[in-house]
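Q: A single structure is presented below for examination.
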Amino acid sequence: SCLPRAPPPPAGFFDDVNKAGAGKVSGTAALFAELEAKGQAAAAGLRKVSKDQMTHKNPALRASNVVSAGAVKSSAGGAGAATPAAAAKKPPKMENMGNKWFIENFEGRDDLTLEDVTPRTAVLFVKNKQSLIQIPSKINTLSIDSCTKCRVLVGSCVASVEIINCQSVQIQVTGTTPMITMDGCAGVIVYLSQQCIDDDVAIVSSKCSEMNVVLPGKTEEEDPTEIPVPEQFETKIKNGKLETTALSHVGA
């Protein structure tokens with residue numbers, strides 16, 4: 001059977017809606033009428049422009065109003081847009097100050113030699129590029145800082161060898177040193193003597209990549225062995241303490 005049809009709404013059901021709609025229409029009409037009246041009042045105060053004052057009818061007037069490209073560029077740039085001057089290249093320096101030797105800003109030199117040293121001398125090899133220096137005698141400390149594609153040969157260091165912020169640097173210790181530290185470096189190769197190995201040299205590195213240590217052959221006929229320094233580590237928690245071990249390189 002079919003459901004009975006719903007009864008129609010009672011009389012006057014839509015009266016409130018119709019009244020609201022009528023109010024909106026009348027209000028909108030009044031708003032447009034007010035805007036039109038204000039527009040006519042504003043237009044009444046405008047001055048009429050003659051043909052000779054219209055730019056589209058007067059070519060000479062258009063030409064006088066053109067702004068040059070140079071003026072726009074200088075205005076946009078302003079006083080603060082000047083190109084910064086390039087940093088001046090510092091001259092190379094090899095200077096002794098007390099017990100410290102400073103070797104700085106050399107480039108493309110493979111004949112640097114430092115012999116006037118003692119076991120108390122500190123050598124600072126800083127900001128050099130594509131250069132070689134030899135320090136055959138014993139010194140106190142050697143610091144290689146911010147160098148690129150350099151080679152350093154040193155006899156022995158009483159305290160340590162430090163390599164800081166260097167790229168593609170090779171260091172060879174022909175005697176011995178108790179410690180070699182590397183910080184913020186990439187592409188460092190360390191050549192150790194048998195004496196360094198016998199003296200149990202310590203190698204400490206942080207924030208470095210592509211580090212390799214070359215060990216001498218056990219005999220003169222045996223080739224040296226190059227071993228990569230680990231860059232990845234695994235840390236585990238045991239008994240409330242951290243235990244970290246180096247992950248072996250593939251093929252190592």
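Residue numbering restarts at 1 in every chain; chains get A, B, ... in the order shown in the structure tokens, and ligands count up from 1 in that same order.
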Quick one: everything within 6 Å of range 210-217 of chain A, counting only C-alpha atoms, minus sequence neighbours fewer than 6 positions away in the same chain. Send it as a list in words.

A: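 Residues meeting the cut-off are Ala186, Gly187, Val188, Ile189, Val190, Tyr191, Leu192, Asp223, Pro224, Thr225, Glu226, Ile227, Pro228 and Val229 of chain A.
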
Q: Find the spatial neighbours of range 109-119 of chain A, counting only C-alpha atoms, within a cut-off of 6 Å - ignore same-chain residues fewer than 4 positions away - and output them as a list in words.

A: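 Surrounding residues, per the criterion: Ser131, Leu132, Ile133, Gln134, Ile135, Lys138, Ile139 and Asn140 of chain A.
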
Q: Determine, counting only C-alpha atoms, which protein, DNA and RNA residues have an atom within 7 Å of an atom of Ser160 in chain A; residues of the same chain fewer than 3 positions away are not included. Present the result as a list in words.

A: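 Result of the neighbour search: Thr141, Leu142, Cys157, Thr177, Pro178, Met179 and Ile180 of chain A.
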
Q: Emit the selected residues as a PDB file, in the first residue's frame, including all heavy atoms.

A:
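Wrote out-v7.pdb, looks like this:
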ATOM      1  N   THR A 141     104.803  20.165  18.763  1.00  0.00           N
ATOM      2  CA  THR A 141     103.479  19.933  18.181  1.00  0.00           C
ATOM      3  C   THR A 141     103.460  20.413  16.734  1.00  0.00           C
ATOM      4  O   THR A 141     104.169  21.341  16.353  1.00  0.00           O
ATOM      5  CB  THR A 141     102.376  20.675  18.955  1.00  0.00           C
ATOM      6  OG1 THR A 141     102.655  22.080  18.945  1.00  0.00           O
ATOM      7  CG2 THR A 141     102.290  20.183  20.382  1.00  0.00           C
ATOM      8  N   LEU A 142     102.578  19.796  15.952  1.00  0.00           N
ATOM      9  CA  LEU A 142     102.360  20.202  14.569  1.00  0.00           C
ATOM     10  C   LEU A 142     100.862  20.373  14.366  1.00  0.00           C
ATOM     11  O   LEU A 142     100.085  19.453  14.620  1.00  0.00           O
ATOM     12  CB  LEU A 142     102.902  19.156  13.598  1.00  0.00           C
ATOM     13  CG  LEU A 142     102.524  19.336  12.119  1.00  0.00           C
ATOM     14  CD1 LEU A 142     103.070  20.649  11.568  1.00  0.00           C
ATOM     15  CD2 LEU A 142     103.018  18.147  11.295  1.00  0.00           C
ATOM     16  N   CYS A 157     106.960  14.138  16.808  1.00  0.00           N
ATOM     17  CA  CYS A 157     106.280  15.161  17.590  1.00  0.00           C
ATOM     18  C   CYS A 157     106.176  14.667  19.027  1.00  0.00           C
ATOM     19  O   CYS A 157     105.658  13.568  19.273  1.00  0.00           O
ATOM     20  CB  CYS A 157     104.896  15.450  17.032  1.00  0.00           C
ATOM     21  SG  CYS A 157     104.898  16.319  15.463  1.00  0.00           S
ATOM     22  N   THR A 177     105.008   9.767  17.286  1.00  0.00           N
ATOM     23  CA  THR A 177     104.183  10.748  17.982  1.00  0.00           C
ATOM     24  C   THR A 177     103.149   9.985  18.799  1.00  0.00           C
ATOM     25  O   THR A 177     102.662   8.930  18.347  1.00  0.00           O
ATOM     26  CB  THR A 177     103.500  11.731  17.013  1.00  0.00           C
ATOM     27  OG1 THR A 177     102.790  12.718  17.757  1.00  0.00           O
ATOM     28  CG2 THR A 177     102.533  11.014  16.091  1.00  0.00           C
ATOM     29  N   PRO A 178     102.799  10.451  19.977  1.00  0.00           N
ATOM     30  CA  PRO A 178     101.831   9.700  20.785  1.00  0.00           C
ATOM     31  C   PRO A 178     100.394   9.825  20.311  1.00  0.00           C
ATOM     32  O   PRO A 178      99.573   8.945  20.585  1.00  0.00           O
ATOM     33  CB  PRO A 178     102.000  10.298  22.188  1.00  0.00           C
ATOM     34  CG  PRO A 178     102.525  11.677  21.945  1.00  0.00           C
ATOM     35  CD  PRO A 178     103.385  11.575  20.727  1.00  0.00           C
ATOM     36  N   MET A 179     100.072  10.912  19.586  1.00  0.00           N
ATOM     37  CA  MET A 179      98.666  11.133  19.220  1.00  0.00           C
ATOM     38  C   MET A 179      98.551  11.908  17.919  1.00  0.00           C
ATOM     39  O   MET A 179      99.325  12.826  17.648  1.00  0.00           O
ATOM     40  CB  MET A 179      97.929  11.884  20.336  1.00  0.00           C
ATOM     41  CG  MET A 179      96.462  12.149  20.047  1.00  0.00           C
ATOM     42  SD  MET A 179      95.613  12.963  21.420  1.00  0.00           S
ATOM     43  CE  MET A 179      95.639  11.631  22.627  1.00  0.00           C
ATOM     44  N   ILE A 180      97.545  11.531  17.130  1.00  0.00           N
ATOM     45  CA  ILE A 180      97.169  12.262  15.912  1.00  0.00           C
ATOM     46  C   ILE A 180      95.670  12.527  16.001  1.00  0.00           C
ATOM     47  O   ILE A 180      94.876  11.589  16.157  1.00  0.00           O
ATOM     48  CB  ILE A 180      97.490  11.459  14.646  1.00  0.00           C
ATOM     49  CG1 ILE A 180      99.003  11.201  14.543  1.00  0.00           C
ATOM     50  CG2 ILE A 180      97.004  12.194  13.399  1.00  0.00           C
ATOM     51  CD1 ILE A 180      99.392  10.285  13.402  1.00  0.00           C
TER      52      ILE A 180
END
